[in-house]
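Q: Handing you this structure, nothing more for now.
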Amino acid sequence: MMEKDFVPTQNPLYPLEGTVGWKAPSNIALVKYWGKKPNQIPANPSISFTLDACATRTFLKFRKMDEAKEAFSFDFRFEGKAKDSFKPKIATFLGRIETYLPFLRHYHLEIESSNSFPHSSGIASSASGMAALALCLLELERLANPEMTLEDFKQKASFLARLGSGSACRSIGGSLIQWGRTPGLSGSSDLYGIPYPYEVHPTFNNFHDTILLVHKGQKSVSSSVGHGLMKGHPFADNRFQQAHENLKKLQAIFKEGDLESFIAIVESEALTLHAMMMTSQPYFILMLPNTLEIINRIWQFRKETGTTICFTLDAGANVHVLYPESEKTKCIQFIQNELVAYCEKGHYICDRIGKGAQRISTSL
């Protein structure tokens, strides 16, 4: 598929008014996306687990106006309160997707959104938020074109979500989603995420992710800024090649259920992501002392018990603790006994691998 394939070829009869709602999950990358080209094209491929409990719920109330406006007409509320500070980002997103949803200036939109987790703290809130909004907006097109297949709907939603936040394209489907063109991976694309196309051992279908909230506030450096600092980075080319190689290695790992090799790649990817931040110009550090303490305790626990618990990090201080269903009891006990003390106010989220976005009740 190419960009032009997502431009409507017909002018259907769009609804006059209504309300739609979608719940879109966050995701946690195993092979990290860091660095991008123009038009939200990734500099390297990535793959992620779709989460379940960490999600954004968005309701979109739409009303067709008598005539199209020069500027997009919308109101935005986040967790029950007007959030004008979010509006420029939404307006930019609407501008990017207008070619593919040409009806947008003909409607007044009321957007009501809420998260089940702290915003801007490194749990991919922009991914779930933009995915949920993209799904709601595309729902208008599906209402006008009910013959659109679910597969086409999800693919276009992923394509649109990417234009709001790159990793949002991985928050439409589940449970393993790959994004970014890479040799040897069937159907891979820079334009949208795809369900991982190869065999996956059952052990990876029931993975858990306990998110330790080391810091619940907004990050000191946004992901958008961090991506931009990969341009001209002295280690960028090697990092991008590493991502391709790790994706290739994961094909056999996922098929065979090789948890030891899985851990080696996932933890290395997490530390490489933060190494890129610490060696950019200007450089910055998003990990905190408690992040490092948690990592060291996970390493010690794994060595002493032989469990296959591991960690990964997003662009923030919080730690995602990954472990299979078969070790849930032992790992949860360890987390509660030894790791929760390093969380802000003792807060953490127990999550697990999910199946992707879901349509929700259409009432505000």
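Note on naming: chains are A, B, ... as they come in the structure tokens, residues start from 1 per chain, ligands start from 1 in the order shown.
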Run DSSP on the backbone and give me the residues of segment 163-343 of chain A it puts in strand (DSSP E), as a PyMOL selection string.
A: chain A and resi 176-179+193-195+208-212+310-313+319-323
Q: For the residues selected in the previous step, produce a file with C-alpha atoms as a compact mmCIF listing (two decimals), in the first residue's frame.
A:
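File written: selection-v8.txt
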```txt
# COMPACT_ATOMS: atom_id res chain seq x y z
CA LEU A 176 2.55 -8.44 18.61
CA ILE A 177 2.71 -5.56 16.13
CA GLN A 178 5.62 -4.78 13.83
CA TRP A 179 6.19 -1.41 12.15
CA GLY A 193 1.85 -1.46 11.71
CA ILE A 194 1.11 -5.09 10.86
CA PRO A 195 0.31 -8.13 13.01
CA HIS A 208 2.65 -9.96 31.75
CA ASP A 209 3.92 -6.40 32.05
CA THR A 210 4.01 -4.83 35.50
CA ILE A 211 4.80 -1.14 35.09
CA LEU A 212 6.70 0.37 38.00
CA CYS A 310 13.27 -9.15 32.56
CA PHE A 311 12.82 -5.43 32.08
CA THR A 312 12.40 -2.93 29.33
CA LEU A 313 12.16 0.86 29.31
CA VAL A 319 10.34 0.24 34.34
CA HIS A 320 8.29 -2.37 32.48
CA VAL A 321 8.81 -5.74 34.17
CA LEU A 322 8.09 -8.58 31.74
CA TYR A 323 7.49 -12.21 32.70
```
Q: If we count only C-alpha atoms, what is near Ser114 of chain A at a cut-off of 10 Å, once residues fewer than 6 positions away on the same chain are taken out, given as a list in words?
A: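 After dropping sequence-adjacent residues, the list is Lys23, Ala55, Thr56, Arg57, Thr58, Phe59, Arg77, Phe78, Glu79, Gly80, Lys81 and Gly129 of chain A.
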Q: Mind checking which residues fall within 6 Å of Lys64 of chain A, counting only C-alpha atoms, ignoring those fewer than 4 positions away in the same chain, and posting them as a list in words?
A: Leu16, His106 and Tyr107 of chain A
Q: Go ahead and write the residues just picked, all heavy atoms, as a short mmCIF file (atom, residue, chain, number, x, y, z; two decimals), in the first residue's frame.
A:
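Listed below is the output, selection-v1.cif:
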```
data_model
loop_
_atom_site.label_atom_id
_atom_site.label_comp_id
_atom_site.auth_asym_id
_atom_site.auth_seq_id
_atom_site.Cartn_x
_atom_site.Cartn_y
_atom_site.Cartn_z
N LEU A 16 -24.90 13.30 9.51
CA LEU A 16 -25.05 14.69 9.93
C LEU A 16 -24.51 14.91 11.34
O LEU A 16 -23.89 15.94 11.62
CB LEU A 16 -26.52 15.10 9.88
CG LEU A 16 -27.15 15.12 8.48
CD1 LEU A 16 -28.63 15.49 8.58
CD2 LEU A 16 -26.41 16.10 7.58
N HIS A 106 -15.66 20.10 7.52
CA HIS A 106 -17.12 20.24 7.43
C HIS A 106 -17.81 19.93 8.75
O HIS A 106 -19.04 20.03 8.83
CB HIS A 106 -17.66 19.32 6.34
CG HIS A 106 -17.20 19.68 4.96
ND1 HIS A 106 -17.93 20.50 4.12
CD2 HIS A 106 -16.08 19.36 4.28
CE1 HIS A 106 -17.28 20.65 2.97
NE2 HIS A 106 -16.15 19.97 3.05
N TYR A 107 -17.05 19.56 9.77
CA TYR A 107 -17.65 19.14 11.04
C TYR A 107 -17.11 19.96 12.21
O TYR A 107 -15.95 20.39 12.20
CB TYR A 107 -17.34 17.67 11.31
CG TYR A 107 -18.19 16.70 10.53
CD1 TYR A 107 -17.78 16.26 9.27
CD2 TYR A 107 -19.40 16.23 11.04
CE1 TYR A 107 -18.55 15.37 8.55
CE2 TYR A 107 -20.18 15.34 10.31
CZ TYR A 107 -19.75 14.91 9.07
OH TYR A 107 -20.52 14.04 8.35
#
```
Q: For the alpha helix (DSSP H) assignment from backbone DSSP, which residues of segment 175-345 of chain A qualify? Please present them as a PyMOL selection string.
A: chain A and resi 223-228+236-256+259-278+289-305+328-334
Q: Please produce, as a tab-separated table, a per-residue contact table for segment 128-247 of chain A versus segment 35-50 of chain A (criterion: any atom at most 9 Å away, only C-alpha atoms considered), showing the nearest atom pair and its distance in Å to one decimal, sorted by chain then residue number.
A:
```
residue	atom	partner	partner_atom	distance
A:Arg162	CA	A:Gln40	CA	6.6
A:Leu163	CA	A:Gln40	CA	5.9
A:Gly164	CA	A:Gln40	CA	8.2
A:Ser165	CA	A:Gln40	CA	7.6
A:Gly166	CA	A:Gln40	CA	5.9
A:Ser167	CA	A:Ser46	CA	9.0
A:Arg170	CA	A:Ser48	CA	7.1
A:Ser171	CA	A:Thr50	CA	6.4
A:Ile172	CA	A:Thr50	CA	8.5
A:Gly173	CA	A:Thr50	CA	7.4
A:Gly174	CA	A:Thr50	CA	5.3
A:Ser175	CA	A:Thr50	CA	5.0
A:Leu176	CA	A:Phe49	CA	4.9
A:Ile177	CA	A:Ser48	CA	5.5
A:Gln178	CA	A:Ile47	CA	4.2
A:Trp179	CA	A:Ser46	CA	5.4
A:Gly180	CA	A:Pro45	CA	4.0
A:Arg181	CA	A:Pro45	CA	6.2
A:Thr182	CA	A:Pro45	CA	6.5
A:Ser188	CA	A:Pro45	CA	8.8
A:Ser189	CA	A:Pro45	CA	8.8
A:Asp190	CA	A:Ile41	CA	5.9
A:Leu191	CA	A:Ile41	CA	7.0
A:Gly193	CA	A:Ile47	CA	8.8
A:Tyr196	CA	A:Ile47	CA	8.2
A:Phe207	CA	A:Phe49	CA	8.9
A:Ser224	CA	A:Gly35	CA	9.0
A:Gly226	CA	A:Gly35	CA	7.7
A:His227	CA	A:Gly35	CA	4.3
A:Gly228	CA	A:Gly35	CA	6.4
A:Leu229	CA	A:Gly35	CA	7.6
A:Met230	CA	A:Gly35	CA	5.2
A:Lys231	CA	A:Gly35	CA	7.2
A:Ala236	CA	A:Gly35	CA	8.3
A:Arg239	CA	A:Asn44	CA	8.5
A:Phe240	CA	A:Asn44	CA	5.2
A:Gln241	CA	A:Asn44	CA	7.7
A:Ala243	CA	A:Asn44	CA	6.4
A:His244	CA	A:Pro45	CA	6.5
A:Leu247	CA	A:Ser46	CA	7.5
```
Q: Go through A:Glu260, A:Ser268, A:Ala357, A:Leu137 one by one, measure the shortest atom-to-atom distance of each to Lys303 of chain A using only C-alpha atoms, and give the residue with the smallest value.
A: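 That would be A:Glu260, the residue with the smallest distance to Lys303 of chain A.
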Q: So which one's closest to Ile263 of chain A, A:Pro289, A:Pro234, A:Pro324, A:Gly316? Using only C-alpha atoms, please.
A: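 When distances to Ile263 of chain A are compared using only C-alpha atoms, the smallest one comes from A:Pro324.
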Q: Pick from A:Phe262, A:Trp34, A:Phe153, A:Trp22: nearest to Ala275 of chain A, with only C-alpha atoms counted?
A: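 The answer is A:Trp34, which sits nearest to Ala275 of chain A.
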Q: Go through A:Ser116, A:Ser186, A:Gln10, A:Asn27 one by one, measure the shortest atom-to-atom distance of each to Ile349 of chain A using only C-alpha atoms, and give the residue with the smallest value.
A: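 Of A:Ser116, A:Ser186, A:Gln10, A:Asn27, the one nearest Ile349 of chain A is A:Ser116, counting only C-alpha atoms.
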Q: Any idea what's packed within 9 Å of Val340 of chain A, counting only C-alpha atoms, ignoring anything in its chain fewer than 5 positions away? Could you give it as JSON, numbers by chain?
A: {"A": [212, 213, 214, 335, 345, 346, 347, 348]}
Q: Find the residue from A:Lys154, A:His233, A:Arg297, A:Arg302 that sits nearest to Met278 of chain A; use only C-alpha atoms when measuring.
A: A:His233
Q: Within 8 Å of Ser220 of chain A, counting only C-alpha atoms, which residues qualify if same-chain residues fewer than 2 places away don't, as a PyMOL selection string?
A: chain A and resi 218+222+286
Q: Output all heavy atoms of each residue in that selection to a file, as a CSV table (one decimal), in the first residue's frame.
A:
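And here's selection_10.csv as it stands now:
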```
chain,number,residue,atom,x,y,z
A,218,GLN,N,5.5,14.6,34.1
A,218,GLN,CA,5.9,14.7,32.7
A,218,GLN,C,7.4,14.6,32.6
A,218,GLN,O,8.2,15.1,33.4
A,218,GLN,CB,5.4,16.1,32.2
A,218,GLN,CG,5.6,16.2,30.7
A,218,GLN,CD,4.7,17.4,30.1
A,218,GLN,OE1,3.7,17.7,30.7
A,218,GLN,NE2,5.1,17.9,29.0
A,222,SER,N,10.8,15.6,25.8
A,222,SER,CA,9.7,14.9,25.1
A,222,SER,C,10.3,13.9,24.1
A,222,SER,O,11.5,14.0,23.6
A,222,SER,CB,8.8,15.8,24.3
A,222,SER,OG,9.4,16.4,23.2
A,286,LEU,N,16.9,10.3,31.1
A,286,LEU,CA,15.5,10.1,31.6
A,286,LEU,C,15.4,9.1,32.7
A,286,LEU,O,14.5,9.1,33.5
A,286,LEU,CB,14.6,9.8,30.5
A,286,LEU,CG,14.4,10.8,29.4
A,286,LEU,CD1,13.4,10.4,28.4
A,286,LEU,CD2,14.0,12.2,30.0
```
Q: Could you check which of A:His215, A:Lys255, A:Lys87, A:Lys248 is closest to His201 of chain A, using only C-alpha atoms?
A: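 Result for the nearest residue to His201 of chain A: A:Lys255.
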Q: Please compute the atom CA of Gln300 of chain A-atom CA of Asp351 of chain A distance, one decimal, in Å.
A: 23.0 Å
Q: Could you tell me how far atom CA of Pro8 of chain A lies from atom CA of Arg359 of chain A, in Å and to one decimal?
A: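 One can read the atom CA of Pro8 of chain A to atom CA of Arg359 of chain A distance as 22.6 Å.
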